[in-house]
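Participant: So here's query-v9.txt, just compact mmCIF, N, CA and C atoms and all ligand atoms:
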```txt
# COMPACT_ATOMS: atom_id res chain seq x y z
N MET X 499 0.84 -1.21 0.00
CA MET X 499 0.00 0.00 0.00
C MET X 499 0.87 1.25 0.00
N ARG X 500 1.88 1.20 0.90
CA ARG X 500 2.76 2.35 1.00
C ARG X 500 3.51 2.60 -0.34
N ASP X 501 3.96 1.46 -0.97
CA ASP X 501 4.66 1.58 -2.25
C ASP X 501 3.74 2.18 -3.31
N ALA X 502 2.50 1.71 -3.29
CA ALA X 502 1.54 2.23 -4.27
C ALA X 502 1.35 3.73 -4.08
N GLU X 503 1.25 4.14 -2.80
CA GLU X 503 1.09 5.57 -2.54
C GLU X 503 2.29 6.35 -3.05
N ASN X 504 3.51 5.79 -2.78
CA ASN X 504 4.72 6.48 -3.19
C ASN X 504 4.82 6.60 -4.70
N SER X 505 4.47 5.50 -5.42
CA SER X 505 4.62 5.58 -6.86
C SER X 505 3.58 6.53 -7.44
N GLN X 506 2.42 6.65 -6.76
CA GLN X 506 1.43 7.63 -7.19
C GLN X 506 2.02 9.05 -7.08
N VAL X 507 2.66 9.33 -5.96
CA VAL X 507 3.27 10.65 -5.77
C VAL X 507 4.31 10.90 -6.86
N LEU X 508 5.16 9.88 -7.13
CA LEU X 508 6.20 10.04 -8.15
C LEU X 508 5.59 10.29 -9.53
N ALA X 509 4.51 9.55 -9.84
CA ALA X 509 3.89 9.70 -11.16
C ALA X 509 3.37 11.11 -11.37
N ASP X 510 2.94 11.76 -10.29
CA ASP X 510 2.38 13.11 -10.41
C ASP X 510 3.42 14.20 -10.19
N SER X 511 4.67 13.81 -10.00
CA SER X 511 5.68 14.81 -9.64
C SER X 511 5.96 15.73 -10.83
N PRO X 512 6.43 16.95 -10.56
CA PRO X 512 6.84 17.82 -11.67
C PRO X 512 7.86 17.13 -12.58
N PHE X 513 8.77 16.32 -11.99
CA PHE X 513 9.75 15.57 -12.79
C PHE X 513 9.06 14.74 -13.87
N GLU X 514 8.05 13.96 -13.46
CA GLU X 514 7.33 13.13 -14.44
C GLU X 514 6.52 13.99 -15.39
N ARG X 515 5.90 15.03 -14.87
CA ARG X 515 4.98 15.82 -15.70
C ARG X 515 5.69 16.57 -16.83
N VAL X 516 6.95 17.02 -16.58
CA VAL X 516 7.64 17.72 -17.69
C VAL X 516 8.21 16.75 -18.71
N GLY X 517 8.40 15.48 -18.31
CA GLY X 517 8.95 14.51 -19.27
C GLY X 517 10.22 13.82 -18.80
N GLY X 518 10.52 13.93 -17.49
CA GLY X 518 11.63 13.17 -16.92
C GLY X 518 13.01 13.72 -17.29
N HIS X 519 14.01 12.87 -17.14
CA HIS X 519 15.40 13.31 -17.30
C HIS X 519 15.72 13.86 -18.70
N PRO X 520 15.21 13.25 -19.79
CA PRO X 520 15.53 13.79 -21.12
C PRO X 520 15.10 15.26 -21.25
N THR X 521 13.94 15.59 -20.69
CA THR X 521 13.47 16.99 -20.77
C THR X 521 14.35 17.91 -19.94
N LEU X 522 14.70 17.48 -18.71
CA LEU X 522 15.54 18.32 -17.86
C LEU X 522 16.92 18.50 -18.50
N GLN X 523 17.42 17.43 -19.13
CA GLN X 523 18.72 17.53 -19.81
C GLN X 523 18.62 18.54 -20.96
N ALA X 524 17.54 18.47 -21.74
CA ALA X 524 17.36 19.39 -22.87
C ALA X 524 17.27 20.84 -22.38
N ILE X 525 16.55 21.07 -21.28
CA ILE X 525 16.43 22.43 -20.73
C ILE X 525 17.83 22.94 -20.34
N CYS X 526 18.61 22.09 -19.68
CA CYS X 526 19.93 22.52 -19.18
C CYS X 526 20.91 22.72 -20.33
N GLU X 527 20.83 21.88 -21.37
CA GLU X 527 21.70 22.09 -22.54
C GLU X 527 21.40 23.47 -23.15
N ARG X 528 20.12 23.77 -23.30
CA ARG X 528 19.73 25.07 -23.87
C ARG X 528 20.18 26.21 -22.94
N PHE X 529 20.01 26.02 -21.62
CA PHE X 529 20.40 27.03 -20.64
C PHE X 529 21.90 27.36 -20.76
N TYR X 530 22.75 26.30 -20.81
CA TYR X 530 24.20 26.57 -20.88
C TYR X 530 24.62 27.04 -22.27
N ASP X 531 23.89 26.63 -23.33
CA ASP X 531 24.19 27.19 -24.66
C ASP X 531 23.92 28.69 -24.66
N LEU X 532 22.78 29.09 -24.09
CA LEU X 532 22.45 30.52 -24.02
C LEU X 532 23.50 31.27 -23.22
N MET X 533 23.85 30.70 -22.05
CA MET X 533 24.84 31.34 -21.18
C MET X 533 26.17 31.50 -21.91
N ASP X 534 26.50 30.51 -22.72
CA ASP X 534 27.78 30.48 -23.41
C ASP X 534 27.82 31.42 -24.61
N GLN X 535 26.65 31.59 -25.25
CA GLN X 535 26.66 32.26 -26.56
C GLN X 535 26.04 33.65 -26.58
N ASP X 536 25.12 33.95 -25.67
CA ASP X 536 24.43 35.24 -25.71
C ASP X 536 25.16 36.24 -24.82
N PRO X 537 25.63 37.34 -25.42
CA PRO X 537 26.38 38.34 -24.64
C PRO X 537 25.57 38.91 -23.47
N ALA X 538 24.25 38.77 -23.51
CA ALA X 538 23.42 39.26 -22.39
C ALA X 538 23.77 38.54 -21.08
N TYR X 539 24.41 37.37 -21.20
CA TYR X 539 24.73 36.59 -20.00
C TYR X 539 26.24 36.53 -19.73
N ALA X 540 26.97 37.52 -20.27
CA ALA X 540 28.44 37.49 -20.19
C ALA X 540 28.94 37.47 -18.74
N ASP X 541 28.32 38.26 -17.86
CA ASP X 541 28.79 38.31 -16.46
C ASP X 541 28.60 36.95 -15.79
N LEU X 542 27.44 36.35 -16.03
CA LEU X 542 27.14 35.03 -15.48
C LEU X 542 28.11 33.98 -16.03
N ARG X 543 28.37 34.05 -17.34
CA ARG X 543 29.28 33.09 -17.97
C ARG X 543 30.68 33.19 -17.36
N ALA X 544 31.11 34.44 -17.12
CA ALA X 544 32.47 34.67 -16.61
C ALA X 544 32.68 34.07 -15.22
N MET X 545 31.60 33.86 -14.47
CA MET X 545 31.72 33.29 -13.12
C MET X 545 31.96 31.78 -13.16
N HIS X 546 31.64 31.17 -14.31
CA HIS X 546 31.75 29.71 -14.42
C HIS X 546 33.08 29.30 -15.02
N ALA X 547 33.46 28.06 -14.81
CA ALA X 547 34.69 27.51 -15.38
C ALA X 547 34.57 27.51 -16.90
N PRO X 548 35.71 27.57 -17.62
CA PRO X 548 35.65 27.57 -19.09
C PRO X 548 34.88 26.36 -19.64
N ASP X 549 35.07 25.21 -19.03
CA ASP X 549 34.41 23.99 -19.49
C ASP X 549 33.09 23.79 -18.72
N LEU X 550 31.98 23.84 -19.44
CA LEU X 550 30.66 23.73 -18.77
C LEU X 550 30.14 22.29 -18.74
N SER X 551 30.97 21.33 -19.16
CA SER X 551 30.42 19.97 -19.30
C SER X 551 29.98 19.37 -17.96
N MET X 552 30.71 19.69 -16.88
CA MET X 552 30.27 19.19 -15.56
C MET X 552 28.90 19.78 -15.19
N MET X 553 28.76 21.08 -15.46
CA MET X 553 27.49 21.74 -15.12
C MET X 553 26.33 21.19 -15.97
N ARG X 554 26.65 20.83 -17.21
CA ARG X 554 25.60 20.25 -18.08
C ARG X 554 25.11 18.91 -17.54
N ALA X 555 25.95 18.24 -16.75
CA ALA X 555 25.53 16.97 -16.14
C ALA X 555 24.93 17.20 -14.75
N LEU X 556 25.53 18.16 -13.98
CA LEU X 556 25.10 18.32 -12.58
C LEU X 556 23.76 19.03 -12.42
N LEU X 557 23.51 20.06 -13.24
CA LEU X 557 22.25 20.81 -13.05
C LEU X 557 21.02 19.93 -13.32
N PRO X 558 20.98 19.15 -14.43
CA PRO X 558 19.81 18.28 -14.60
C PRO X 558 19.67 17.25 -13.48
N GLN X 559 20.81 16.80 -12.96
CA GLN X 559 20.76 15.83 -11.86
C GLN X 559 20.15 16.47 -10.61
N PHE X 560 20.59 17.70 -10.32
CA PHE X 560 20.01 18.42 -9.18
C PHE X 560 18.51 18.66 -9.41
N LEU X 561 18.16 19.15 -10.60
CA LEU X 561 16.76 19.48 -10.88
C LEU X 561 15.86 18.24 -10.81
N ALA X 562 16.41 17.07 -11.19
CA ALA X 562 15.62 15.83 -11.12
C ALA X 562 15.17 15.58 -9.68
N GLY X 563 16.10 15.61 -8.74
CA GLY X 563 15.75 15.36 -7.33
C GLY X 563 14.86 16.46 -6.78
N TRP X 564 15.18 17.69 -7.15
CA TRP X 564 14.42 18.86 -6.68
C TRP X 564 12.96 18.78 -7.15
N ALA X 565 12.75 18.22 -8.35
CA ALA X 565 11.40 18.15 -8.93
C ALA X 565 10.68 16.84 -8.58
N GLY X 566 11.22 16.06 -7.66
CA GLY X 566 10.52 14.85 -7.21
C GLY X 566 10.92 13.59 -7.95
N GLY X 567 12.02 13.64 -8.71
CA GLY X 567 12.50 12.47 -9.44
C GLY X 567 13.68 11.83 -8.72
N PRO X 568 14.52 11.08 -9.44
CA PRO X 568 15.67 10.38 -8.83
C PRO X 568 16.58 11.36 -8.08
N ARG X 569 17.02 10.93 -6.89
CA ARG X 569 17.72 11.85 -5.99
C ARG X 569 19.24 11.66 -6.01
N ASP X 570 19.79 11.27 -7.16
CA ASP X 570 21.24 10.99 -7.26
C ASP X 570 22.09 12.16 -6.75
N TRP X 571 21.78 13.38 -7.16
CA TRP X 571 22.59 14.53 -6.75
C TRP X 571 22.54 14.68 -5.22
N PHE X 572 21.36 14.52 -4.63
CA PHE X 572 21.22 14.71 -3.18
C PHE X 572 21.93 13.59 -2.43
N GLU X 573 21.90 12.37 -3.00
CA GLU X 573 22.59 11.25 -2.36
C GLU X 573 24.10 11.41 -2.46
N ALA X 574 24.57 11.99 -3.57
CA ALA X 574 26.01 12.23 -3.73
C ALA X 574 26.49 13.42 -2.89
N ASN X 575 25.55 14.27 -2.47
CA ASN X 575 25.90 15.49 -1.72
C ASN X 575 25.07 15.58 -0.45
N PRO X 576 25.26 14.62 0.50
CA PRO X 576 24.37 14.61 1.66
C PRO X 576 24.47 15.91 2.46
N GLY X 577 23.33 16.48 2.74
CA GLY X 577 23.26 17.68 3.58
C GLY X 577 23.68 18.96 2.87
N LYS X 578 24.05 18.86 1.57
CA LYS X 578 24.51 20.07 0.87
C LYS X 578 23.30 20.95 0.52
N CYS X 579 23.44 22.24 0.83
CA CYS X 579 22.35 23.17 0.56
C CYS X 579 22.74 24.04 -0.63
N MET X 580 21.86 24.09 -1.64
CA MET X 580 22.17 24.82 -2.87
C MET X 580 22.41 26.30 -2.59
N MET X 581 21.65 26.87 -1.65
CA MET X 581 21.81 28.29 -1.36
C MET X 581 23.18 28.55 -0.72
N SER X 582 23.54 27.78 0.33
CA SER X 582 24.83 28.05 0.99
C SER X 582 26.01 27.64 0.10
N MET X 583 25.78 26.66 -0.81
CA MET X 583 26.85 26.27 -1.74
C MET X 583 27.25 27.43 -2.65
N HIS X 584 26.31 28.33 -2.91
CA HIS X 584 26.59 29.46 -3.77
C HIS X 584 27.13 30.67 -3.01
N ALA X 585 27.18 30.58 -1.68
CA ALA X 585 27.62 31.74 -0.88
C ALA X 585 29.00 32.25 -1.28
N PRO X 586 29.98 31.38 -1.65
CA PRO X 586 31.30 31.92 -2.02
C PRO X 586 31.31 32.71 -3.32
N PHE X 587 30.27 32.56 -4.16
CA PHE X 587 30.27 33.25 -5.45
C PHE X 587 29.73 34.67 -5.26
N PRO X 588 30.35 35.64 -5.94
CA PRO X 588 29.89 37.04 -5.78
C PRO X 588 28.62 37.29 -6.60
N ILE X 589 27.49 36.76 -6.14
CA ILE X 589 26.24 36.86 -6.90
C ILE X 589 25.52 38.16 -6.56
N GLY X 590 25.34 39.01 -7.56
CA GLY X 590 24.60 40.25 -7.38
C GLY X 590 23.26 40.16 -8.09
N ARG X 591 22.48 41.24 -7.99
CA ARG X 591 21.16 41.28 -8.62
C ARG X 591 21.25 40.99 -10.12
N GLN X 592 22.31 41.58 -10.75
CA GLN X 592 22.43 41.45 -12.20
C GLN X 592 22.70 40.00 -12.63
N THR X 593 23.64 39.33 -11.94
CA THR X 593 23.95 37.94 -12.35
C THR X 593 22.78 37.01 -12.00
N ALA X 594 22.09 37.29 -10.89
CA ALA X 594 20.92 36.46 -10.54
C ALA X 594 19.83 36.64 -11.59
N ASP X 595 19.63 37.89 -12.05
CA ASP X 595 18.63 38.13 -13.11
C ASP X 595 19.02 37.41 -14.40
N GLN X 596 20.32 37.41 -14.70
CA GLN X 596 20.78 36.72 -15.92
C GLN X 596 20.47 35.23 -15.83
N TRP X 597 20.73 34.64 -14.65
CA TRP X 597 20.45 33.20 -14.46
C TRP X 597 18.96 32.94 -14.68
N ALA X 598 18.13 33.76 -14.00
CA ALA X 598 16.68 33.57 -14.06
C ALA X 598 16.17 33.74 -15.49
N ASP X 599 16.70 34.74 -16.19
CA ASP X 599 16.25 35.01 -17.55
C ASP X 599 16.64 33.88 -18.50
N ALA X 600 17.89 33.42 -18.39
CA ALA X 600 18.35 32.32 -19.27
C ALA X 600 17.54 31.05 -19.00
N MET X 601 17.23 30.79 -17.73
CA MET X 601 16.46 29.58 -17.40
C MET X 601 15.02 29.69 -17.92
N THR X 602 14.42 30.88 -17.78
CA THR X 602 13.06 31.08 -18.29
C THR X 602 13.02 30.86 -19.80
N ARG X 603 14.03 31.40 -20.49
CA ARG X 603 14.09 31.21 -21.96
C ARG X 603 14.31 29.75 -22.31
N ALA X 604 15.22 29.09 -21.59
CA ALA X 604 15.53 27.68 -21.89
C ALA X 604 14.28 26.82 -21.73
N ILE X 605 13.52 27.08 -20.67
CA ILE X 605 12.30 26.30 -20.43
C ILE X 605 11.26 26.61 -21.52
N ALA X 606 11.13 27.90 -21.87
CA ALA X 606 10.15 28.30 -22.89
C ALA X 606 10.48 27.68 -24.25
N GLU X 607 11.77 27.51 -24.54
CA GLU X 607 12.19 27.05 -25.87
C GLU X 607 12.30 25.53 -25.96
N THR X 608 12.08 24.83 -24.85
CA THR X 608 12.19 23.36 -24.87
C THR X 608 10.82 22.74 -25.10
N ASP X 609 10.81 21.75 -25.97
CA ASP X 609 9.58 21.02 -26.25
C ASP X 609 9.35 20.06 -25.08
N LEU X 610 8.28 20.26 -24.32
CA LEU X 610 8.08 19.41 -23.14
C LEU X 610 6.61 19.07 -22.94
N ALA X 611 6.40 18.12 -22.00
CA ALA X 611 5.09 17.49 -21.92
C ALA X 611 4.02 18.37 -21.27
N ASP X 612 4.37 19.17 -20.26
CA ASP X 612 3.35 19.88 -19.48
C ASP X 612 3.81 21.32 -19.27
N ARG X 613 3.28 22.22 -20.09
CA ARG X 613 3.71 23.62 -20.09
C ARG X 613 3.38 24.32 -18.77
N GLU X 614 2.24 23.95 -18.18
CA GLU X 614 1.81 24.62 -16.95
C GLU X 614 2.82 24.39 -15.81
N ILE X 615 3.22 23.13 -15.63
CA ILE X 615 4.17 22.84 -14.54
C ILE X 615 5.56 23.38 -14.89
N ALA X 616 5.89 23.40 -16.19
CA ALA X 616 7.19 23.94 -16.61
C ALA X 616 7.27 25.43 -16.30
N ASN X 617 6.17 26.16 -16.56
CA ASN X 617 6.16 27.59 -16.25
C ASN X 617 6.27 27.83 -14.75
N ALA X 618 5.62 26.96 -13.96
CA ALA X 618 5.70 27.09 -12.51
C ALA X 618 7.15 26.83 -12.05
N MET X 619 7.82 25.87 -12.69
CA MET X 619 9.22 25.60 -12.35
C MET X 619 10.10 26.81 -12.68
N ALA X 620 9.86 27.41 -13.85
CA ALA X 620 10.65 28.59 -14.24
C ALA X 620 10.49 29.70 -13.21
N ASP X 621 9.26 29.87 -12.74
CA ASP X 621 8.97 30.91 -11.76
C ASP X 621 9.72 30.66 -10.45
N VAL X 622 9.64 29.44 -9.95
CA VAL X 622 10.28 29.12 -8.66
C VAL X 622 11.81 29.16 -8.79
N LEU X 623 12.34 28.67 -9.91
CA LEU X 623 13.80 28.70 -10.10
C LEU X 623 14.30 30.14 -10.19
N GLY X 624 13.52 31.00 -10.83
CA GLY X 624 13.89 32.42 -10.90
C GLY X 624 13.94 33.04 -9.52
N ARG X 625 12.96 32.68 -8.68
CA ARG X 625 12.96 33.21 -7.31
C ARG X 625 14.14 32.67 -6.51
N MET X 626 14.47 31.39 -6.74
CA MET X 626 15.61 30.79 -6.04
C MET X 626 16.89 31.54 -6.43
N ALA X 627 17.06 31.79 -7.74
CA ALA X 627 18.26 32.50 -8.21
C ALA X 627 18.32 33.89 -7.60
N ARG X 628 17.18 34.60 -7.60
CA ARG X 628 17.19 35.98 -7.08
C ARG X 628 17.42 35.98 -5.57
N GLY X 629 17.04 34.89 -4.91
CA GLY X 629 17.31 34.75 -3.46
C GLY X 629 18.78 34.57 -3.15
N MET X 630 19.58 34.24 -4.18
CA MET X 630 21.03 34.07 -3.97
C MET X 630 21.79 35.38 -4.08
N ALA X 631 21.11 36.44 -4.57
CA ALA X 631 21.79 37.73 -4.76
C ALA X 631 22.02 38.39 -3.41
N ARG X 632 23.20 38.95 -3.24
CA ARG X 632 23.51 39.58 -1.96
C ARG X 632 23.72 41.09 -2.07
N GLU X 633 23.38 41.70 -3.16
CA GLU X 633 23.47 43.16 -3.24
C GLU X 633 22.27 43.69 -4.00
C1 LIG B 1 21.87 33.17 -8.98
C2 LIG B 1 22.65 32.94 -10.01
C3 LIG B 1 23.63 31.80 -10.02
C4 LIG B 1 24.97 31.91 -10.26
C5 LIG B 1 25.73 33.18 -10.57
C6 LIG B 1 25.53 30.57 -10.16
C7 LIG B 1 26.86 30.26 -10.32
C8 LIG B 1 27.43 29.02 -10.13
C9 LIG B 1 28.82 28.72 -10.23
C10 LIG B 1 29.92 29.75 -10.54
C11 LIG B 1 28.98 27.40 -10.00
C12 LIG B 1 30.30 26.62 -10.01
C13 LIG B 1 30.48 25.95 -11.34
C14 LIG B 1 31.72 26.37 -12.06
O1 LIG B 1 32.67 26.83 -11.43
O2 LIG B 1 31.76 26.23 -13.29
C15 LIG B 1 27.68 26.85 -9.74
C16 LIG B 1 27.43 25.53 -9.48
C17 LIG B 1 26.19 25.00 -9.42
N1 LIG B 1 24.99 25.67 -9.47
FE1 LIG B 1 24.76 27.67 -9.65
N2 LIG B 1 24.53 29.68 -9.87
C18 LIG B 1 23.35 30.39 -9.77
C19 LIG B 1 22.11 29.87 -9.49
C20 LIG B 1 21.84 28.53 -9.38
C21 LIG B 1 20.52 27.97 -9.15
C22 LIG B 1 19.24 28.80 -8.95
C23 LIG B 1 20.68 26.62 -9.14
C24 LIG B 1 19.67 25.54 -8.96
C25 LIG B 1 18.43 25.64 -9.29
C26 LIG B 1 22.07 26.33 -9.37
C27 LIG B 1 22.63 25.06 -9.45
C28 LIG B 1 23.97 24.78 -9.44
C29 LIG B 1 24.52 23.43 -9.37
C30 LIG B 1 23.72 22.12 -9.33
C31 LIG B 1 25.89 23.56 -9.34
C32 LIG B 1 26.91 22.42 -9.24
C33 LIG B 1 26.94 21.97 -7.80
C34 LIG B 1 27.78 20.74 -7.59
O3 LIG B 1 29.00 20.90 -7.39
O4 LIG B 1 27.21 19.66 -7.60
N3 LIG B 1 22.75 27.51 -9.50
N4 LIG B 1 26.75 27.86 -9.83
```
Starting from the coordinates I provided, produce the structure as structure tokens.
Ligand code: HEM

Facilitator:
Amino acid sequence: MRDAENSQVLADSPFERVGGHPTLQAICERFYDLMDQDPAYADLRAMHAPDLSMMRALLPQFLAGWAGGPRDWFEANPGKCMMSMHAPFPIGRQTADQWADAMTRAIAETDLADREIANAMADVLGRMARGMARE
């Protein structure tokens, strides 16, 4: 009974509703392509390492667990808090806005299963990014 309840919760999770890992991977590929190529995100790009391949793997992994899917990132990083993990980076209003804007565009431009939940994710992720700004 308990397993049935749990799988019901998983089936309705934002992770499942947007289309699972392939969709989150596609969103993140688009997000880092935008960050890499659009001069509007130059400040944000400059804060990251030259090679974005680790981030292209880690962000979808984090988003999967965050959205109610497989928790690999959280299991690999027990007790790690995304907000405090970003504390060493000099995140200001401008770079937080760049992150939020690139993510909103990436989600809008990705072909996915449930637009309503995807828009809600874009909204919450934007708020999370802006919550990391310290000036
Ligand atoms: C507010 C704007 C943000 C800035 C400027 C920023 C910047 C960074 C930087 C510089 C890194 C280190 C990667 C590298 O050196 O190449 C990083 C790692 C990371 N960021 Fe952000 N970030 C922001 C917001 C977010 C948000 C909102 C999330 C999640 C929704 C996120 C998820 C991650 C993840 C998963 C990692 C890798 C963590 C790991 O080591 O597993 N970031 N971020």

Participant: Can you pull out the residues contacting Ala616 (chain X)? Cut-off 7 Å, using only N, CA and C atoms, and skip same-chain residues under 4 positions away; I want them as a PyMOL selection string.

Facilitator: chain X and resi 515-516+605+612+620-621

Participant: Considering all atoms listed in the file, state which residue in the set X:Gly629, X:Tyr539, X:Phe529, X:Trp571 is at the smallest distance from Gln596 (chain X).

Facilitator: X:Tyr539

Participant: So which one's closest to Ile525 (chain X), X:Ala604, X:Ala631, X:Leu561, X:Met619? Using all atoms listed in the file, please.

Facilitator: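 Of the candidates, the smallest distance to Ile525 (chain X) is held by X:Ala604.
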
Participant: Calculate how many Å separate atom C of Ile589 (chain X) from atom C of Asp541 (chain X), rounding to one decimal.

Facilitator: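 Atom C of Ile589 (chain X) sits 9.8 Å away from atom C of Asp541 (chain X).
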
Participant: Between atom C of Pro588 (chain X) and CA of Ala544 (chain X), what is the spacing in Å?

Facilitator: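 We find that CA of Ala544 (chain X) and atom C of Pro588 (chain X) lie 11.0 Å from each other.
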
Participant: Which of these residues is nearest to ligand LIG 1 (chain B), using all atoms listed in the file: X:Met553, X:Met583, X:Gln592, X:Ala547?

Facilitator: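 Closest residue, counting all atoms listed in the file: X:Ala547.
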